[in-house]
file my_file-v3.txt (compact mmCIF, C-alpha atoms)
# COMPACT_ATOMS: atom_id res chain seq x y z
CA MET A 224 0.00 0.00 0.00
CA SER A 225 3.01 2.29 0.22
CA LEU A 226 2.80 2.53 -3.56
CA ILE A 227 -0.63 4.16 -3.29
CA LYS A 228 -0.48 7.95 -3.09
CA GLU A 229 -4.22 8.60 -2.93
CA CYS A 230 -7.49 6.67 -2.90
CA ILE A 231 -10.77 7.31 -4.65
CA GLN A 232 -13.78 7.58 -2.35
CA ILE A 233 -16.46 5.22 -3.67
CA ARG A 234 -19.43 6.04 -1.41
CA PHE A 235 -20.39 8.67 1.12
CA ASN A 236 -22.99 7.05 3.41
CA GLU A 237 -24.48 3.70 4.40
CA THR A 238 -27.47 4.07 2.09
CA GLU A 239 -25.20 3.56 -0.92
CA TYR A 240 -23.88 0.11 -1.77
CA LEU A 241 -20.50 -0.80 -3.18
CA PRO A 242 -20.50 -1.64 -6.91
CA TRP A 243 -19.55 -5.29 -6.26
CA ASP A 244 -22.13 -5.56 -3.44
CA ASN A 245 -25.10 -4.65 -5.62
CA PRO A 246 -28.06 -6.57 -4.12
CA ASP A 247 -29.35 -7.30 -7.64
CA ASN A 248 -26.19 -9.17 -8.59
CA ILE A 249 -27.00 -12.84 -9.17
CA VAL A 250 -23.72 -14.01 -7.61
CA SER A 251 -21.73 -12.66 -4.69
CA VAL A 252 -18.29 -11.11 -4.68
CA GLU A 253 -17.06 -14.22 -2.85
CA VAL A 254 -18.00 -16.32 -5.89
CA GLU A 255 -15.98 -14.00 -8.10
CA ALA A 256 -13.00 -14.34 -5.75
CA TYR A 257 -13.30 -18.13 -5.97
CA ALA A 258 -13.38 -17.89 -9.78
CA ILE A 259 -10.16 -15.85 -9.68
CA LYS A 260 -8.51 -18.67 -7.71
CA ILE A 261 -9.65 -21.20 -10.32
CA LYS A 262 -8.22 -19.06 -13.11
CA ASP A 263 -4.93 -18.52 -11.30
CA PHE A 264 -4.43 -22.22 -10.55
CA ILE A 265 -5.25 -23.15 -14.16
CA LEU A 266 -2.67 -20.58 -15.25
CA ALA A 267 -0.09 -22.07 -12.88
CA PHE A 268 -0.73 -25.55 -14.27
CA ALA A 269 -0.60 -24.27 -17.85
CA PHE A 270 2.70 -22.50 -17.23
CA LEU A 271 4.32 -25.50 -15.53
CA ILE A 272 3.35 -27.74 -18.46
CA GLY A 273 3.35 -25.28 -21.35
CA GLY A 274 6.50 -23.36 -20.43
CA PRO A 275 8.89 -26.25 -21.13
CA ALA A 276 6.60 -27.71 -23.83
CA ASN A 277 6.64 -24.57 -25.96
CA ILE A 278 10.44 -24.40 -25.75
CA ILE A 279 10.53 -27.99 -27.01
CA ASN A 280 8.12 -27.07 -29.81
CA MET A 281 10.39 -24.21 -30.85
CA ALA A 282 13.44 -26.50 -30.85
CA VAL A 283 11.67 -29.18 -32.90
CA PHE A 284 10.34 -26.88 -35.60
CA TYR A 285 13.63 -24.99 -35.75
CA ARG A 286 15.42 -28.32 -36.24
CA GLN A 287 13.00 -29.27 -39.03
CA GLY A 288 13.81 -26.02 -40.83
CA LEU A 289 12.20 -22.59 -40.77
CA GLN A 290 12.52 -22.30 -44.54
CA ASP A 291 9.36 -24.43 -44.61
CA ARG A 292 6.29 -22.20 -44.34
CA VAL A 293 4.39 -24.50 -41.96
CA ASN A 294 7.40 -24.91 -39.64
CA LEU A 295 7.80 -21.14 -39.54
CA CYS A 296 4.15 -20.70 -38.53
CA LEU A 297 4.30 -23.43 -35.88
CA PHE A 298 7.58 -22.08 -34.51
CA SER A 299 6.06 -18.59 -34.28
CA LEU A 300 2.94 -20.00 -32.63
CA ALA A 301 5.10 -21.64 -29.95
CA VAL A 302 6.98 -18.34 -29.41
CA PHE A 303 3.79 -16.35 -28.83
CA ASP A 304 2.21 -19.10 -26.71
CA GLU A 305 5.30 -19.03 -24.52
CA MET A 306 5.14 -15.25 -24.31
CA TYR A 307 1.44 -15.38 -23.40
CA LEU A 308 1.94 -17.88 -20.57
CA THR A 309 5.01 -16.06 -19.26
CA SER A 310 3.30 -12.67 -19.23
CA GLY A 311 0.28 -14.24 -17.51
CA ILE A 312 2.43 -15.73 -14.77
CA LEU A 313 4.30 -12.43 -14.32
CA ILE A 314 1.06 -10.53 -13.87
CA HIS A 315 -0.76 -13.08 -11.69
CA GLY A 316 2.10 -15.04 -10.13
CA GLU A 317 2.05 -13.08 -6.88
CA ASN A 318 -1.64 -13.85 -6.46
CA ILE A 319 -1.02 -17.57 -7.05
CA ILE A 320 1.57 -17.68 -4.26
CA LEU A 321 -0.79 -15.89 -1.89
CA HIS A 322 -3.61 -18.30 -2.80
CA ILE A 323 -1.37 -21.24 -1.88
CA ARG A 324 -0.53 -19.60 1.45
CA SER A 325 -4.24 -18.86 2.06
CA GLN A 326 -3.46 -15.17 2.45
CA ASP A 327 -5.45 -12.22 1.23
CA VAL A 328 -4.54 -11.35 -2.31
CA LYS A 329 -2.58 -8.12 -2.58
CA THR A 330 -1.78 -6.55 -5.89
CA ALA A 331 1.46 -4.63 -5.40
CA PHE A 332 3.15 -6.36 -8.34
CA ASN A 333 -0.06 -6.26 -10.35
CA LEU A 334 -0.06 -2.53 -9.72
CA PHE A 335 3.46 -2.22 -11.12
CA MET A 336 2.61 -4.31 -14.21
CA ALA A 337 -0.68 -2.55 -14.89
CA ASN A 338 0.40 1.03 -14.29
CA ASN A 339 3.47 0.60 -16.47
CA ASN A 340 1.37 -0.77 -19.36
CA LEU A 341 3.06 -4.17 -19.15
CA VAL A 342 -0.38 -5.78 -19.43
CA PHE A 343 0.07 -5.24 -23.18
CA LEU A 344 2.26 -8.38 -23.18
CA LEU A 345 -0.97 -10.37 -22.96
CA GLY A 346 -1.56 -9.24 -26.53
CA SER A 347 0.59 -12.24 -27.49
CA GLY A 348 -2.50 -14.35 -26.89
CA PHE A 349 -4.30 -12.57 -29.72
CA VAL A 350 -1.31 -13.00 -32.03
CA SER A 351 -1.39 -16.71 -31.20
CA CYS A 352 -5.10 -16.77 -32.02
CA THR A 353 -4.48 -15.13 -35.41
CA LEU A 354 -1.63 -17.54 -36.21
CA SER A 355 -3.92 -20.48 -35.45
CA ALA A 356 -6.35 -19.15 -38.05
CA ILE A 357 -3.54 -18.67 -40.59
CA ILE A 358 -2.33 -22.25 -40.05
CA ALA A 359 -5.87 -23.61 -40.47
CA CYS A 360 -6.33 -21.66 -43.73
CA GLU A 361 -2.92 -22.75 -45.00
CA ARG A 362 -3.80 -26.43 -44.45
CA CYS A 363 -7.20 -25.95 -46.07
CA TYR A 364 -5.60 -24.50 -49.21
CA CYS A 365 -3.03 -27.30 -49.23
CA VAL A 366 -5.79 -29.93 -49.33
CA LEU A 367 -8.03 -28.09 -51.78
CA ARG A 368 -5.27 -26.99 -54.20
CA PRO A 369 -2.25 -29.25 -53.60
CA LEU A 370 -0.71 -28.51 -57.00
CA LYS A 371 -0.80 -24.75 -56.44
CA TYR A 372 0.03 -24.94 -52.74
CA GLN A 373 3.79 -24.49 -53.08
CA THR A 374 3.35 -21.26 -55.03
CA LEU A 375 0.79 -19.78 -52.64
CA LEU A 376 3.26 -17.74 -50.57
CA ARG A 377 6.99 -17.57 -50.18
CA THR A 378 8.28 -18.30 -46.69
CA ARG A 379 9.78 -14.82 -46.56
CA THR A 380 6.36 -13.32 -47.33
CA MET A 381 4.82 -15.36 -44.51
CA ALA A 382 7.51 -14.05 -42.15
CA VAL A 383 6.64 -10.47 -43.13
CA ILE A 384 2.94 -11.21 -42.49
CA ILE A 385 3.71 -12.61 -39.04
CA VAL A 386 5.81 -9.56 -38.12
CA ALA A 387 3.05 -7.23 -39.37
CA ILE A 388 0.45 -9.06 -37.25
CA PHE A 389 2.76 -8.85 -34.23
CA VAL A 390 3.34 -5.10 -34.61
CA GLY A 391 -0.30 -4.29 -35.40
CA GLU A 392 -1.98 -6.30 -32.66
CA PHE A 393 0.58 -5.45 -29.99
CA GLY A 394 0.33 -1.77 -30.91
CA LEU A 395 -3.45 -1.72 -30.59
CA PHE A 396 -3.42 -3.77 -27.39
CA PHE A 397 -0.92 -1.35 -25.87
CA ILE A 398 -3.65 1.28 -26.18
CA VAL A 399 -6.11 -1.10 -24.49
CA SER A 400 -3.65 -1.61 -21.62
CA TYR A 401 -4.46 1.91 -20.39
CA ARG A 402 -7.87 0.53 -19.43
CA PHE A 403 -6.31 -1.79 -16.83
CA TRP A 404 -4.65 0.71 -14.53
CA ILE A 405 -5.06 -0.07 -10.83
CA VAL A 406 -6.05 2.53 -8.26
CA CYS A 407 -6.85 2.55 -4.58
CA MET A 408 -10.51 2.82 -3.59
CA TYR A 409 -11.62 3.89 -0.12
CA ASP A 410 -14.88 3.27 1.70
CA PRO A 411 -15.26 5.91 4.46
CA VAL A 412 -18.22 4.02 5.98
CA THR A 413 -16.19 0.94 6.91
CA GLY A 414 -12.67 2.40 6.57
CA ALA A 415 -11.74 -0.38 4.14
CA THR A 416 -9.54 0.11 1.09
CA TRP A 417 -9.28 -1.93 -2.11
CA MET A 418 -7.03 -1.90 -5.11
CA LYS A 419 -9.29 -2.14 -8.15
CA VAL A 420 -8.80 -2.06 -11.90
CA THR A 421 -9.92 1.18 -13.52
CA GLY A 422 -8.68 3.48 -16.27
CA GLY A 423 -5.79 5.91 -16.24
CA GLU A 424 -5.80 9.48 -17.52
CA PHE A 425 -5.39 8.40 -21.14
CA TYR A 426 -8.32 6.01 -20.79
CA ASN A 427 -10.55 8.67 -19.28
CA ALA A 428 -9.67 11.05 -22.12
CA HIS A 429 -10.33 8.44 -24.85
CA LYS A 430 -12.80 6.18 -23.07
CA GLN A 431 -15.09 5.46 -26.01
CA PHE A 432 -12.24 4.49 -28.35
CA VAL A 433 -10.41 2.32 -25.80
CA ASP A 434 -13.65 0.59 -24.76
CA TYR A 435 -14.37 -0.15 -28.42
CA LEU A 436 -10.95 -1.72 -28.89
CA ASP A 437 -11.24 -3.72 -25.67
CA SER A 438 -14.81 -5.02 -25.95
CA VAL A 439 -15.50 -5.10 -29.70
CA VAL A 440 -12.11 -5.62 -31.38
CA PHE A 441 -10.17 -7.70 -28.82
CA GLY A 442 -13.10 -8.84 -26.71
CA ALA A 443 -15.31 -10.34 -29.41
CA GLY A 444 -14.34 -9.34 -32.95
CA LEU A 445 -10.79 -10.64 -33.33
CA PRO A 446 -11.05 -13.90 -31.31
CA GLY A 447 -14.58 -14.52 -32.56
CA GLY A 448 -13.62 -13.88 -36.16
CA MET A 449 -10.54 -16.07 -35.93
CA MET A 450 -12.56 -18.85 -34.32
CA VAL A 451 -15.11 -18.76 -37.17
CA VAL A 452 -12.25 -18.91 -39.69
CA VAL A 453 -10.67 -21.87 -37.89
CA ILE A 454 -14.00 -23.74 -37.69
CA ALA A 455 -14.76 -23.18 -41.38
CA ALA A 456 -11.24 -24.05 -42.57
CA THR A 457 -10.94 -27.09 -40.29
CA THR A 458 -14.34 -28.45 -41.33
CA THR A 459 -13.51 -28.03 -45.01
CA THR A 460 -10.08 -29.59 -44.56
CA THR A 461 -11.46 -32.57 -42.65
CA VAL A 462 -14.16 -33.32 -45.24
CA LYS A 463 -11.79 -32.99 -48.18
CA LEU A 464 -9.01 -35.00 -46.52
CA ARG A 465 -11.45 -37.78 -45.74
CA GLN A 466 -12.41 -37.93 -49.42
CA ILE A 467 -8.76 -38.09 -50.44
CA VAL A 468 -7.84 -40.83 -47.99
CA THR A 469 -11.02 -42.90 -48.44
CA TRP A 470 -11.74 -42.63 -52.15
CA ARG A 471 -8.22 -42.06 -53.50
CA THR A 472 -9.27 -39.34 -55.89
CA GLU A 473 -6.92 -37.87 -58.46
CA THR A 474 -6.09 -35.11 -56.07
CA SER A 475 -4.59 -37.63 -53.66
CA SER A 476 -1.71 -38.30 -56.01
CA ALA A 477 -0.63 -34.69 -55.58
CA LEU A 478 -0.85 -34.84 -51.78
CA SER A 479 2.08 -36.76 -50.31
CA PRO A 480 1.73 -39.07 -47.28
CA ARG A 481 3.80 -36.58 -45.30
CA GLU A 482 1.35 -33.78 -46.11
CA VAL A 483 -1.58 -36.02 -45.16
CA ALA A 484 0.02 -36.84 -41.79
CA LEU A 485 0.87 -33.19 -41.14
CA THR A 486 -2.67 -32.12 -42.04
CA LYS A 487 -4.17 -34.62 -39.59
CA MET A 488 -1.92 -33.29 -36.83
CA LEU A 489 -2.90 -29.69 -37.56
CA ILE A 490 -6.59 -30.62 -37.68
CA GLY A 491 -6.19 -32.01 -34.17
CA SER A 492 -4.51 -28.79 -33.07
CA SER A 493 -7.31 -26.70 -34.61
CA ILE A 494 -10.01 -28.77 -32.88
CA PHE A 495 -8.28 -28.25 -29.55
CA PHE A 496 -8.09 -24.51 -30.29
CA ILE A 497 -11.84 -24.43 -30.95
CA ILE A 498 -12.61 -26.31 -27.71
CA CYS A 499 -10.51 -23.91 -25.60
CA THR A 500 -11.49 -20.60 -27.21
CA SER A 501 -15.11 -20.97 -28.32
CA PRO A 502 -16.68 -20.66 -24.82
CA ALA A 503 -14.95 -17.34 -24.15
CA CYS A 504 -15.78 -16.06 -27.65
CA PHE A 505 -19.48 -16.92 -27.37
CA PHE A 506 -19.53 -15.39 -23.90
CA ARG A 507 -18.03 -12.07 -24.99
CA VAL A 508 -20.16 -11.78 -28.13
CA ALA A 509 -23.39 -12.53 -26.24
CA PHE A 510 -22.65 -10.04 -23.48
CA LEU A 511 -22.00 -7.24 -25.96
CA PHE A 512 -25.78 -7.05 -26.17
CA LEU A 513 -26.33 -7.26 -22.40
CA PRO A 514 -24.99 -4.02 -20.87
CA GLU A 515 -25.84 -5.13 -17.34
CA MET A 516 -23.50 -8.10 -17.87
CA SER A 517 -20.24 -6.15 -17.95
CA ALA A 518 -17.33 -5.23 -15.72
CA VAL A 519 -19.24 -2.14 -14.56
CA GLY A 520 -22.82 -3.41 -14.92
CA ARG A 521 -25.34 -4.46 -12.32
CA HIS A 522 -24.32 -8.12 -12.66
CA GLN A 523 -20.59 -7.48 -12.76
CA ASN A 524 -19.77 -10.29 -10.31
CA PHE A 525 -21.40 -12.89 -12.55
CA TYR A 526 -19.71 -11.43 -15.63
CA LEU A 527 -16.26 -11.36 -14.04
CA ALA A 528 -16.57 -14.79 -12.40
CA THR A 529 -17.49 -16.36 -15.74
CA LEU A 530 -14.77 -14.43 -17.55
CA TRP A 531 -12.04 -15.53 -15.13
CA VAL A 532 -12.84 -19.22 -15.51
CA LEU A 533 -13.07 -19.04 -19.32
CA GLU A 534 -9.79 -17.12 -19.52
CA GLY A 535 -8.21 -19.86 -17.45
CA VAL A 536 -9.37 -22.40 -20.04
CA TYR A 537 -7.92 -20.14 -22.76
CA PHE A 538 -4.49 -20.42 -21.12
CA LEU A 539 -4.64 -24.18 -21.68
CA ASN A 540 -4.74 -23.59 -25.44
CA SER A 541 -1.22 -22.17 -25.22
CA ALA A 542 0.08 -25.03 -23.09
CA LEU A 543 -1.02 -28.39 -24.46
CA ASN A 544 -0.23 -28.29 -28.19
CA PHE A 545 2.85 -30.40 -27.46
CA SER A 546 0.67 -33.40 -26.57
CA ILE A 547 -1.17 -33.14 -29.90
CA TYR A 548 2.01 -32.71 -31.94
CA TYR A 549 3.66 -35.66 -30.21
CA SER A 550 0.69 -38.05 -30.33
CA MET A 551 -0.34 -37.30 -33.93
CA GLY A 552 2.89 -36.22 -35.64
CA SER A 553 5.32 -39.03 -36.50
CA ARG A 554 7.88 -36.58 -37.91
CA TYR A 555 7.56 -34.45 -34.78
CA ARG A 556 8.33 -37.51 -32.62
CA GLU A 557 11.34 -38.40 -34.74
CA THR A 558 12.75 -34.88 -34.48
CA PHE A 559 11.95 -34.72 -30.77
CA TRP A 560 13.96 -37.86 -29.97
CA ALA A 561 16.69 -36.84 -32.40
CA LEU A 562 17.27 -33.73 -30.28
CA PHE A 563 17.97 -35.86 -27.21
CA ARG A 564 20.05 -38.42 -29.09
CA ARG A 565 22.20 -35.62 -30.44
CA LYS A 566 22.80 -34.31 -26.93
CA THR A 567 23.61 -37.82 -25.69
CA HIS A 568 26.11 -38.41 -28.49
CA GLN A 569 27.73 -35.04 -27.89
CA LYS A 570 28.08 -35.84 -24.20
CA GLU A 571 29.67 -39.20 -25.01
CA ARG A 572 32.17 -37.55 -27.38
CA ASP A 573 33.05 -34.96 -24.74
CA GLU A 574 33.68 -37.72 -22.18
CA LEU A 575 35.92 -39.63 -24.64
CA ARG A 576 37.98 -36.51 -25.25
CA LYS A 577 38.58 -36.19 -21.53
call {"tool": "encode", "arguments": {"input": "my_file-v3.txt", "output": "structure tokens"}}
result
Amino acid sequence: MSLIKECIQIRFNETEYLPWDNPDNIVSVEVEAYAIKIKDFILAFAFLIGGPANIINMAVFYRQGLQDRVNLCLFSLAVFDEMYLTSGILIHGENIILHIRSQDVKTAFNLFMANNNLVFLLGSGFVSCTLSAIIACERCYCVLRPLKYQTLLRTRTMAVIIVAIFVGEFGLFFIVSYRFWIVCMYDPVTGATWMKVTGGEFYNAHKQFVDYLDSVVFGAGLPGGMMVVVIAATTTTTVKLRQIVTWRTETSSALSPREVALTKMLIGSSIFFIICTSPACFFRVAFLFLPEMSAVGRHQNFYLATLWVLEGVYFLNSALNFSIYYSMGSRYRETFWALFRRKTHQKERDELRK
């Protein structure tokens, strides 16, 4: 609390209620606090599993060669998934430790992260979402037009597209990060203080624009649009691939067994993406039309409790791709074990030299 210079008074007498104690709210603030714990523990699990797994994914796809367009996309996806999990644990890690110790959650480090706009690092999750859609579309085109697939895009062009997505989405989300500044709130009736998320000076000066970016663009539009693209591309790819494998059409002669195996692996990855992201997308889109279901609405506790749990599930999408790659990708498994065999052989040579 030494970091707090002043607090905002949120009510003046006992006849007023606190925003999160609205008697019309369908759930209590205690339920929201429990949902935060669920989200934080899911994040901790995702980081413990996904942190090392994404590094392995990067090593495998780098070993396979980034001159291949698909490997470049999957390598980049692993980079942004790792960044997303790491930024999440940096922002919420202090809370996780306090949950384990059964202590009240303080937000001193959250305050530092939020009020220095470091929340923008979570924009890596949206870049990951966009890359998932690009990979799904790339596989769909490969199956539909295998003869023209190699001339679709040069790997260098794909690299430029990925960099452009990174700069554009991170730049816009940096503006949104002004919405998540933390301030001290004071209740003179009870003498209690809280540290709550609210907007900074920039947010208050450009509230309508920042809210539009947060709720419409990043809240529903971008993830919802990417999810629709992934569903459409994955469905088309699955149907067409089944025709190729089952009926052995003329197109199948142009699609190598390696491409078929890779496509099946990426279909599995896309399905997992849909499972993890669709609940949050449907939730955000639906609540755009329910103003009382918002972070400042009458039913804010219900909105936030649901949002925390669904965001926890979203973290899993960035953590468990390794299991899909390993179980469905024979070439991935070969490269994975080759990495360890190479290290073992190098260690044996070093010992012989000694």
call {"tool": "atom_distance", "arguments": {"input": "my_file-v3.txt", "atom1": "atom CA of Leu543 of chain A", "atom2": "atom CA of Ile498 of chain A"}}
result
12.2 Å
call {"tool": "atom_distance", "arguments": {"input": "my_file-v3.txt", "atom1": "atom CA of Leu345 of chain A", "atom2": "atom CA of Tyr307 of chain A"}}
result
5.6 Å
call {"tool": "atom_distance", "arguments": {"input": "my_file-v3.txt", "atom1": "atom CA of Leu562 of chain A", "atom2": "atom CA of Ile278 of chain A"}}
result
12.4 Å
call {"tool": "closest_residue", "arguments": {"input": "my_file-v3.txt", "among": "A:Phe525, A:Phe496, A:Phe284, A:Phe559", "to": "Met449 of chain A", "atoms": "all atoms listed in the file"}}
result
A:Phe496
call {"tool": "residues_around", "arguments": {"input": "my_file-v3.txt", "residues": "Ala282 of chain A", "least_positions_apart": "2", "cutoff": "12 Å", "atoms": "only C-alpha atoms", "output": "PyMOL selection string"}}
result
chain A and resi 275-280+284-289+294-295+297-299+301-302+545+555+558-563
call {"tool": "write_last_selection", "arguments": {"input": "my_file-v3.txt", "atoms": "C-alpha atoms", "output": "CSV table (one decimal), in the frame of the given file"}}
result
chain,number,residue,atom,x,y,z
A,275,PRO,CA,8.9,-26.2,-21.1
A,276,ALA,CA,6.6,-27.7,-23.8
A,277,ASN,CA,6.6,-24.6,-26.0
A,278,ILE,CA,10.4,-24.4,-25.8
A,279,ILE,CA,10.5,-28.0,-27.0
A,280,ASN,CA,8.1,-27.1,-29.8
A,284,PHE,CA,10.3,-26.9,-35.6
A,285,TYR,CA,13.6,-25.0,-35.8
A,286,ARG,CA,15.4,-28.3,-36.2
A,287,GLN,CA,13.0,-29.3,-39.0
A,288,GLY,CA,13.8,-26.0,-40.8
A,289,LEU,CA,12.2,-22.6,-40.8
A,294,ASN,CA,7.4,-24.9,-39.6
A,295,LEU,CA,7.8,-21.1,-39.5
A,297,LEU,CA,4.3,-23.4,-35.9
A,298,PHE,CA,7.6,-22.1,-34.5
A,299,SER,CA,6.1,-18.6,-34.3
A,301,ALA,CA,5.1,-21.6,-30.0
A,302,VAL,CA,7.0,-18.3,-29.4
A,545,PHE,CA,2.8,-30.4,-27.5
A,555,TYR,CA,7.6,-34.4,-34.8
A,558,THR,CA,12.8,-34.9,-34.5
A,559,PHE,CA,12.0,-34.7,-30.8
A,560,TRP,CA,14.0,-37.9,-30.0
A,561,ALA,CA,16.7,-36.8,-32.4
A,562,LEU,CA,17.3,-33.7,-30.3
A,563,PHE,CA,18.0,-35.9,-27.2
call {"tool": "closest_residue", "arguments": {"input": "my_file-v3.txt", "among": "A:Ile384, A:Gly552, A:Ser492, A:Phe506", "to": "Ala528 of chain A", "atoms": "only C-alpha atoms"}}
result
A:Phe506
call {"tool": "build_atoms", "arguments": {"input": "my_file-v3.txt", "residues": "segment 446-461 of chain A", "atoms": "N, CA, C and O atoms", "output": "short mmCIF file (atom, residue, chain, number, x, y, z; two decimals), in the frame of the given file"}}
result
data_model
loop_
_atom_site.label_atom_id
_atom_site.label_comp_id
_atom_site.auth_asym_id
_atom_site.auth_seq_id
_atom_site.Cartn_x
_atom_site.Cartn_y
_atom_site.Cartn_z
N PRO A 446 -11.00 -12.47 -31.64
CA PRO A 446 -11.05 -13.90 -31.31
C PRO A 446 -12.25 -14.60 -31.91
O PRO A 446 -12.14 -15.75 -32.36
N GLY A 447 -13.40 -13.91 -31.96
CA GLY A 447 -14.58 -14.52 -32.56
C GLY A 447 -14.41 -14.75 -34.04
O GLY A 447 -14.75 -15.81 -34.58
N GLY A 448 -13.86 -13.75 -34.73
CA GLY A 448 -13.62 -13.88 -36.16
C GLY A 448 -12.63 -14.97 -36.47
O GLY A 448 -12.82 -15.77 -37.40
N MET A 449 -11.54 -15.03 -35.70
CA MET A 449 -10.54 -16.07 -35.93
C MET A 449 -11.10 -17.46 -35.64
O MET A 449 -10.78 -18.43 -36.33
N MET A 450 -11.97 -17.56 -34.63
CA MET A 450 -12.56 -18.85 -34.32
C MET A 450 -13.47 -19.33 -35.46
O MET A 450 -13.45 -20.51 -35.83
N VAL A 451 -14.24 -18.41 -36.03
CA VAL A 451 -15.11 -18.76 -37.17
C VAL A 451 -14.26 -19.23 -38.34
O VAL A 451 -14.58 -20.22 -39.02
N VAL A 452 -13.15 -18.53 -38.60
CA VAL A 452 -12.25 -18.91 -39.69
C VAL A 452 -11.68 -20.31 -39.44
O VAL A 452 -11.64 -21.15 -40.36
N VAL A 453 -11.25 -20.57 -38.21
CA VAL A 453 -10.67 -21.87 -37.89
C VAL A 453 -11.72 -22.98 -38.04
O VAL A 453 -11.42 -24.06 -38.58
N ILE A 454 -12.94 -22.74 -37.57
CA ILE A 454 -14.00 -23.74 -37.69
C ILE A 454 -14.29 -24.04 -39.16
O ILE A 454 -14.38 -25.21 -39.56
N ALA A 455 -14.45 -22.98 -39.96
CA ALA A 455 -14.76 -23.18 -41.38
C ALA A 455 -13.62 -23.89 -42.11
O ALA A 455 -13.85 -24.85 -42.87
N ALA A 456 -12.39 -23.45 -41.88
CA ALA A 456 -11.24 -24.05 -42.57
C ALA A 456 -11.02 -25.49 -42.12
O ALA A 456 -10.74 -26.37 -42.94
N THR A 457 -11.15 -25.74 -40.81
CA THR A 457 -10.94 -27.09 -40.29
C THR A 457 -12.01 -28.06 -40.79
O THR A 457 -11.71 -29.21 -41.14
N THR A 458 -13.26 -27.61 -40.82
CA THR A 458 -14.34 -28.45 -41.33
C THR A 458 -14.12 -28.80 -42.79
O THR A 458 -14.23 -29.97 -43.20
N THR A 459 -13.77 -27.80 -43.59
CA THR A 459 -13.51 -28.03 -45.01
C THR A 459 -12.33 -28.97 -45.20
O THR A 459 -12.37 -29.90 -46.03
N THR A 460 -11.27 -28.74 -44.46
CA THR A 460 -10.08 -29.59 -44.56
C THR A 460 -10.39 -31.03 -44.19
O THR A 460 -9.95 -31.97 -44.87
N THR A 461 -11.13 -31.22 -43.11
CA THR A 461 -11.46 -32.57 -42.65
C THR A 461 -12.29 -33.33 -43.69
O THR A 461 -12.01 -34.50 -43.98
#
